[in-house]
Amino acid sequence: MKNHYDFLVIGSGIAGLSYALQVAEYGSTAIITKKEATESSTNYAQGGIASVMSSMDSFDAHLADTLNAGAGLCHQDVVERIIKIGPECIRRLAELGVEFTLNKEGSELSLGREGGHSFNRVVHAADLTGREIERALLQSCRDHKNISIFADHIAADLISFRGPSGLCCGGAYIYDPEKDRRLILTASITMLATGGVGQVYRYTTNPRIATGDGIAMAYRAGAAVANLEFMQFHPTTLSLVGRPTFLISEAVRGEGGVLRSSDGTAFMEKYHPMKDLAPRDIVARAIDTELKKSGDETVFLDIRHISAQHIKSRFPNIYISCLESGIDITRDLIPVVPAAHYMCGGVVTDINGRSDIERLFVCGETACTGMHGANRLASNSLLEAVATARFAADESISEFLSNPPLLPQKLEFPHPTDVAKPQERVLLSHNRRELKRLMWDHVGIVRSTYRLQEAVERMSLIKGSVDRYFTTHALSYPSIELRNMVSVAELIIKSALSRKESRGLHYIVDFPQTDDIHWKKDTILRKEISF
């Protein structure tokens, strides 16, 4: 097996796979993916990709909607460039075999509408857009002679060192749990595209692998991270006792779905002029407020007034999944609650995916390009992922062709070998559950300084326990994940405490107003590194 690749990609969502397909034309490419290759946030994405595809729409309108949702923190130049390349990204995905849904006549793309959008511009593949994109991209990667996919492997840390011009990345330390072996994979260029952090919360729409690995590894290596206080909670996930959380796409409200309290009252008109199509942060806080007032466990999404035929055609997966749980959405109200969904912050990069560590690129939800600001506009995430993957690929190829590999003289796996075999794993599962509950109760949709300070103290105890286990036991998949979850949770809490205002997804009762004079800026954190 090779131990050096021209390009190393950690993650197999839309960003990582799109990037890999492009750079593989110029050199050997390895994709490291946890669990199955298809287990990613991309695969869970139901809504679609926002792009201007209609003559009724315009780039200016899409820009305005994005900036409005972003609550003053979007980087306008980044938003403009990504939006303008949107139609080309859609065409490229179609060329790769993605089968988007067409209109009734079959002549044009069917365009949905979601919260915060002023026009129908969400390109979709029924209600399983992410799965369809993943299928096409993954097949193309599997067919490519220059791409090797390492499924069921997990990156433990980046290979970072002091280069001639500062911090540099030369690949990653990889653990293969199936064979219990450690791999040191060096690379000329490393791409982090590990997805989000939703698993640090008790309720999330994210897959189990979304443990913030990329953000944690990059921060430990010395990269700056930003805006981690802006965790987007999806307003509507199916809530049934004994059933796993299941996303009810925002597109359901885009098709006319109405949120109601347990007494049948449609309540969103009290909170925003766009009612049920208000931006996600508004809707999530509204639901949180209604639940706290009523004491109920859920609110309800009502689409019974829409024709059953249309519902089954537009949302086949949601219809079938709810039916399996005993709910016929054509006749029954859907019980819903918010859940952690998308991290708007991440590793600081420019629009081309460059981090402040040389040879380390970051894309997708792991990155903070400035596209989303303080609140992501629905369906802009897949657009950003495929657009920035393209920009990053162009930049990486240029870097690769212009410069020889830059690697440290001596490499040694950073985790000791003379330690105990994994035991007392109850400690890992207990700490994971405690962390998730702590983040949900103390660092959730509505925050307070008191609860955040409490979270700092309690997280310190969890961190101590996790660190002791990690350094005294042999590597294991759960211990690597939990170490990363603790790192990211601490960063989220620190970021939330530092922002003394409410903006976008960050609402803190002690500072309920937005303060543009002091806080219209990114929250940036960086670990001091010494070699």
# chains A, B, ... in the order shown; residues from 1 in each chain; ligands from 1
>>> closest_atom_pairs(of="region 235-296 of chain A", to="region 49-71 of chain A", cutoff="9 Å", atoms="only C-alpha atoms", output="CSV")
residue,atom,partner,partner_atom,distance
A:Pro279,CA,A:Ala69,CA,6.4
A:Arg280,CA,A:Ala69,CA,8.7
A:Asp281,CA,A:Ala69,CA,8.8
>>> select_by_dssp(residues="region 362-455 of chain A", states="helix (DSSP H, G or I)", output="PyMOL selection string")
chain A and resi 364-366+380-402+426-442+449-455
>>> residues_around(residues="Ser249 (chain A)", least_positions_apart="2", cutoff="12 Å", atoms="only C-alpha atoms", output="ChimeraX atom specification")
/A:44-48,112-115,124,126-130,205,234-238,246-247,251-255,257,280,301,314-319,336,338,341,378-379
>>> residues_around(residues="region 500-516 of chain A", least_positions_apart="3", cutoff="12 Å", atoms="only C-alpha atoms", output="VMD selection string")
chain A and resid 67 to 74 227 to 235 279 to 285 288 340 to 345 372 to 377 442 to 452 492 to 497 519 to 523
>>> residues_around(residues="Tyr175 (chain A)", least_positions_apart="4", cutoff="7 Å", atoms="only C-alpha atoms", output="number ranges by chain")
A: 153-156, 181-183
>>> write_last_selection(atoms="C-alpha atoms", output="mmCIF file, in the first residue's frame")
data_model
loop_
_atom_site.group_PDB
_atom_site.id
_atom_site.type_symbol
_atom_site.label_atom_id
_atom_site.label_comp_id
_atom_site.auth_asym_id
_atom_site.auth_seq_id
_atom_site.Cartn_x
_atom_site.Cartn_y
_atom_site.Cartn_z
ATOM 1 C CA HIS A 153 -10.725 4.716 8.389
ATOM 2 C CA ILE A 154 -10.521 7.725 10.704
ATOM 3 C CA ALA A 155 -7.968 10.548 10.790
ATOM 4 C CA ALA A 156 -6.518 10.985 14.285
ATOM 5 C CA ARG A 181 -3.388 -0.489 12.582
ATOM 6 C CA ARG A 182 -1.925 2.996 12.376
ATOM 7 C CA LEU A 183 -1.121 4.569 9.024
#
>>> closest_residue(among="A:Ser165, A:Asn120, A:Gln76, A:Asn380", to="Glu365 (chain A)", atoms="only C-alpha atoms")
A:Asn380
>>> closest_residue(among="A:Asn431, A:Lys421, A:Ala216, A:Glu481", to="Leu461 (chain A)", atoms="only C-alpha atoms")
A:Asn431
>>> select_by_dssp(residues="region 142-206 of chain A", states="strand (DSSP E)", output="PyMOL selection string")
chain A and resi 147-151+154-163+166-176+181-192
>>> residues_around(residues="region 355-363 of chain A", least_positions_apart="5", cutoff="8 Å", atoms="only C-alpha atoms", output="JSON list (two decimals) with all heavy atoms, in the first residue's frame")
[["chain", "number", "residue", "atom", "x", "y", "z"],
["A", 15, "ALA", "N", -18.36, 18.08, -0.92],
["A", 15, "ALA", "CA", -17.14, 18.88, -1.05],
["A", 15, "ALA", "C", -15.94, 18.00, -1.33],
["A", 15, "ALA", "O", -15.18, 18.23, -2.28],
["A", 15, "ALA", "CB", -16.92, 19.72, 0.22],
["A", 16, "GLY", "N", -15.74, 16.97, -0.51],
["A", 16, "GLY", "CA", -14.58, 16.11, -0.67],
["A", 16, "GLY", "C", -14.58, 15.34, -1.98],
["A", 16, "GLY", "O", -13.54, 15.26, -2.67],
["A", 166, "GLY", "N", 6.34, 29.11, 7.71],
["A", 166, "GLY", "CA", 5.33, 29.01, 8.76],
["A", 166, "GLY", "C", 4.78, 27.61, 8.89],
["A", 166, "GLY", "O", 5.38, 26.64, 8.40],
["A", 167, "LEU", "N", 3.64, 27.49, 9.55],
["A", 167, "LEU", "CA", 3.03, 26.19, 9.76],
["A", 167, "LEU", "C", 2.68, 25.53, 8.43],
["A", 167, "LEU", "O", 2.20, 26.20, 7.49],
["A", 167, "LEU", "CB", 1.76, 26.33, 10.59],
["A", 167, "LEU", "CG", 1.94, 26.59, 12.09],
["A", 167, "LEU", "CD1", 0.59, 26.84, 12.75],
["A", 167, "LEU", "CD2", 2.65, 25.42, 12.76],
["A", 168, "CYS", "N", 2.88, 24.23, 8.35],
["A", 168, "CYS", "CA", 2.63, 23.51, 7.10],
["A", 168, "CYS", "C", 1.99, 22.16, 7.43],
["A", 168, "CYS", "O", 2.18, 21.60, 8.51],
["A", 168, "CYS", "CB", 3.96, 23.29, 6.37],
["A", 168, "CYS", "SG", 3.77, 22.62, 4.71],
["A", 169, "CYS", "N", 1.20, 21.65, 6.50],
["A", 169, "CYS", "CA", 0.56, 20.34, 6.64],
["A", 169, "CYS", "C", 1.12, 19.38, 5.60],
["A", 169, "CYS", "O", 1.25, 19.73, 4.42],
["A", 169, "CYS", "CB", -0.95, 20.46, 6.48],
["A", 169, "CYS", "SG", -1.84, 18.89, 6.65],
["A", 170, "GLY", "N", 1.43, 18.16, 6.05],
["A", 170, "GLY", "CA", 2.01, 17.18, 5.13],
["A", 170, "GLY", "C", 1.25, 15.87, 5.07],
["A", 170, "GLY", "O", 1.82, 14.84, 4.74],
["A", 188, "SER", "N", 1.24, 15.86, -0.69],
["A", 188, "SER", "CA", 1.67, 17.19, -1.10],
["A", 188, "SER", "C", 0.62, 18.23, -0.71],
["A", 188, "SER", "O", 0.95, 19.33, -0.29],
["A", 188, "SER", "CB", 1.89, 17.22, -2.62],
["A", 188, "SER", "OG", 2.90, 16.30, -3.00],
["A", 189, "ILE", "N", -0.65, 17.85, -0.87],
["A", 189, "ILE", "CA", -1.78, 18.73, -0.53],
["A", 189, "ILE", "C", -2.79, 17.93, 0.29],
["A", 189, "ILE", "O", -3.11, 16.79, -0.06],
["A", 189, "ILE", "CB", -2.48, 19.26, -1.81],
["A", 189, "ILE", "CG1", -1.50, 20.01, -2.71],
["A", 189, "ILE", "CG2", -3.67, 20.16, -1.41],
["A", 189, "ILE", "CD1", -1.02, 21.33, -2.18],
["A", 190, "THR", "N", -3.28, 18.53, 1.37],
["A", 190, "THR", "CA", -4.31, 17.88, 2.19],
["A", 190, "THR", "C", -5.59, 18.71, 2.18],
["A", 190, "THR", "O", -5.54, 19.93, 2.33],
["A", 190, "THR", "CB", -3.83, 17.72, 3.65],
["A", 190, "THR", "OG1", -2.62, 16.96, 3.66],
["A", 190, "THR", "CG2", -4.87, 17.02, 4.50],
["A", 191, "MET", "N", -6.70, 18.03, 1.98],
["A", 191, "MET", "CA", -8.02, 18.68, 1.98],
["A", 191, "MET", "C", -8.86, 18.11, 3.13],
["A", 191, "MET", "O", -9.04, 16.90, 3.24],
["A", 191, "MET", "CB", -8.75, 18.43, 0.66],
["A", 191, "MET", "CG", -10.26, 18.66, 0.68],
["A", 191, "MET", "SD", -10.76, 20.34, 1.14],
["A", 191, "MET", "CE", -10.36, 21.22, -0.37],
["A", 192, "LEU", "N", -9.37, 19.01, 3.99],
["A", 192, "LEU", "CA", -10.29, 18.62, 5.06],
["A", 192, "LEU", "C", -11.72, 18.91, 4.61],
["A", 192, "LEU", "O", -12.05, 20.06, 4.31],
["A", 192, "LEU", "CB", -10.00, 19.42, 6.33],
["A", 192, "LEU", "CG", -8.87, 18.95, 7.25],
["A", 192, "LEU", "CD1", -8.74, 19.92, 8.42],
["A", 192, "LEU", "CD2", -9.13, 17.55, 7.76],
["A", 193, "ALA", "N", -12.54, 17.89, 4.56],
["A", 193, "ALA", "CA", -13.95, 18.06, 4.18],
["A", 193, "ALA", "C", -14.77, 17.06, 4.99],
["A", 193, "ALA", "O", -15.49, 16.22, 4.43],
["A", 193, "ALA", "CB", -14.13, 17.85, 2.68],
["A", 222, "GLY", "N", -3.05, 24.32, 14.69],
["A", 222, "GLY", "CA", -2.72, 25.73, 14.70],
["A", 222, "GLY", "C", -3.52, 26.60, 13.76],
["A", 222, "GLY", "O", -3.26, 27.81, 13.64],
["A", 223, "ALA", "N", -4.53, 26.04, 13.07],
["A", 223, "ALA", "CA", -5.36, 26.83, 12.16],
["A", 223, "ALA", "C", -6.37, 27.66, 12.95],
["A", 223, "ALA", "O", -6.84, 27.26, 14.01],
["A", 223, "ALA", "CB", -6.10, 25.92, 11.18],
["A", 224, "ALA", "N", -6.70, 28.82, 12.41],
["A", 224, "ALA", "CA", -7.73, 29.66, 13.02],
["A", 224, "ALA", "C", -9.11, 29.08, 12.71],
["A", 224, "ALA", "O", -9.35, 28.54, 11.62],
["A", 224, "ALA", "CB", -7.63, 31.08, 12.48],
["A", 347, "VAL", "N", -13.26, 26.20, 10.12],
["A", 347, "VAL", "CA", -11.87, 26.59, 9.92],
["A", 347, "VAL", "C", -11.82, 27.78, 8.97],
["A", 347, "VAL", "O", -12.44, 27.76, 7.90],
["A", 347, "VAL", "CB", -11.05, 25.42, 9.32],
["A", 347, "VAL", "CG1", -9.59, 25.82, 9.15],
["A", 347, "VAL", "CG2", -11.17, 24.18, 10.21],
["A", 348, "VAL", "N", -11.10, 28.81, 9.34],
["A", 348, "VAL", "CA", -11.04, 30.03, 8.53],
["A", 348, "VAL", "C", -10.32, 29.73, 7.21],
["A", 348, "VAL", "O", -9.19, 29.23, 7.20],
["A", 348, "VAL", "CB", -10.30, 31.16, 9.27],
["A", 348, "VAL", "CG1", -10.14, 32.38, 8.36],
["A", 348, "VAL", "CG2", -11.06, 31.55, 10.54],
["A", 349, "THR", "N", -11.00, 30.03, 6.10],
["A", 349, "THR", "CA", -10.38, 29.89, 4.78],
["A", 349, "THR", "C", -10.74, 31.08, 3.91],
["A", 349, "THR", "O", -11.70, 31.80, 4.19],
["A", 349, "THR", "CB", -10.85, 28.62, 4.03],
["A", 349, "THR", "OG1", -12.21, 28.81, 3.59],
["A", 349, "THR", "CG2", -10.74, 27.39, 4.90],
["A", 350, "ASP", "N", -9.98, 31.25, 2.82],
["A", 350, "ASP", "CA", -10.43, 32.18, 1.79],
["A", 350, "ASP", "C", -11.39, 31.43, 0.88],
["A", 350, "ASP", "O", -11.70, 30.25, 1.10],
["A", 350, "ASP", "CB", -9.25, 32.79, 1.04],
["A", 350, "ASP", "CG", -8.43, 31.76, 0.27],
["A", 350, "ASP", "OD1", -8.89, 30.62, 0.06],
["A", 350, "ASP", "OD2", -7.30, 32.11, -0.15],
["A", 385, "ALA", "N", -20.51, 24.15, -1.06],
["A", 385, "ALA", "CA", -19.61, 22.99, -1.06],
["A", 385, "ALA", "C", -19.07, 22.69, -2.45],
["A", 385, "ALA", "O", -17.86, 22.52, -2.65],
["A", 385, "ALA", "CB", -20.32, 21.77, -0.50],
["A", 388, "THR", "N", -16.90, 25.94, -3.82],
["A", 388, "THR", "CA", -15.59, 26.13, -3.21],
["A", 388, "THR", "C", -14.68, 24.93, -3.45],
["A", 388, "THR", "O", -13.45, 25.08, -3.50],
["A", 388, "THR", "CB", -15.69, 26.42, -1.70],
["A", 388, "THR", "OG1", -16.43, 25.38, -1.05],
["A", 388, "THR", "CG2", -16.38, 27.76, -1.46],
["A", 389, "ALA", "N", -15.26, 23.73, -3.61],
["A", 389, "ALA", "CA", -14.44, 22.57, -3.97],
["A", 389, "ALA", "C", -13.80, 22.80, -5.33],
["A", 389, "ALA", "O", -12.63, 22.44, -5.55],
["A", 389, "ALA", "CB", -15.30, 21.30, -3.99],
["A", 392, "ALA", "N", -11.08, 25.45, -4.81],
["A", 392, "ALA", "CA", -9.96, 24.87, -4.07],
["A", 392, "ALA", "C", -9.16, 23.90, -4.95],
["A", 392, "ALA", "O", -7.93, 23.82, -4.84],
["A", 392, "ALA", "CB", -10.48, 24.14, -2.83],
["A", 396, "SER", "N", -5.31, 24.18, -5.57],
["A", 396, "SER", "CA", -4.46, 23.05, -5.16],
["A", 396, "SER", "C", -3.63, 22.52, -6.31],
["A", 396, "SER", "O", -2.45, 22.19, -6.14],
["A", 396, "SER", "CB", -5.34, 21.91, -4.61],
["A", 396, "SER", "OG", -6.06, 22.31, -3.48]]
>>> atom_distance(atom1="CA of Ala393 (chain A)", atom2="CA of Asp176 (chain A)")
27.0 Å
>>> closest_residue(among="A:Thr194, A:Thr298, A:Thr330, A:Ser140", to="Lys312 (chain A)", atoms="only C-alpha atoms")
A:Thr330
>>> atom_distance(atom1="CA of Leu482 (chain A)", atom2="CA of Ile529 (chain A)")
22.2 Å
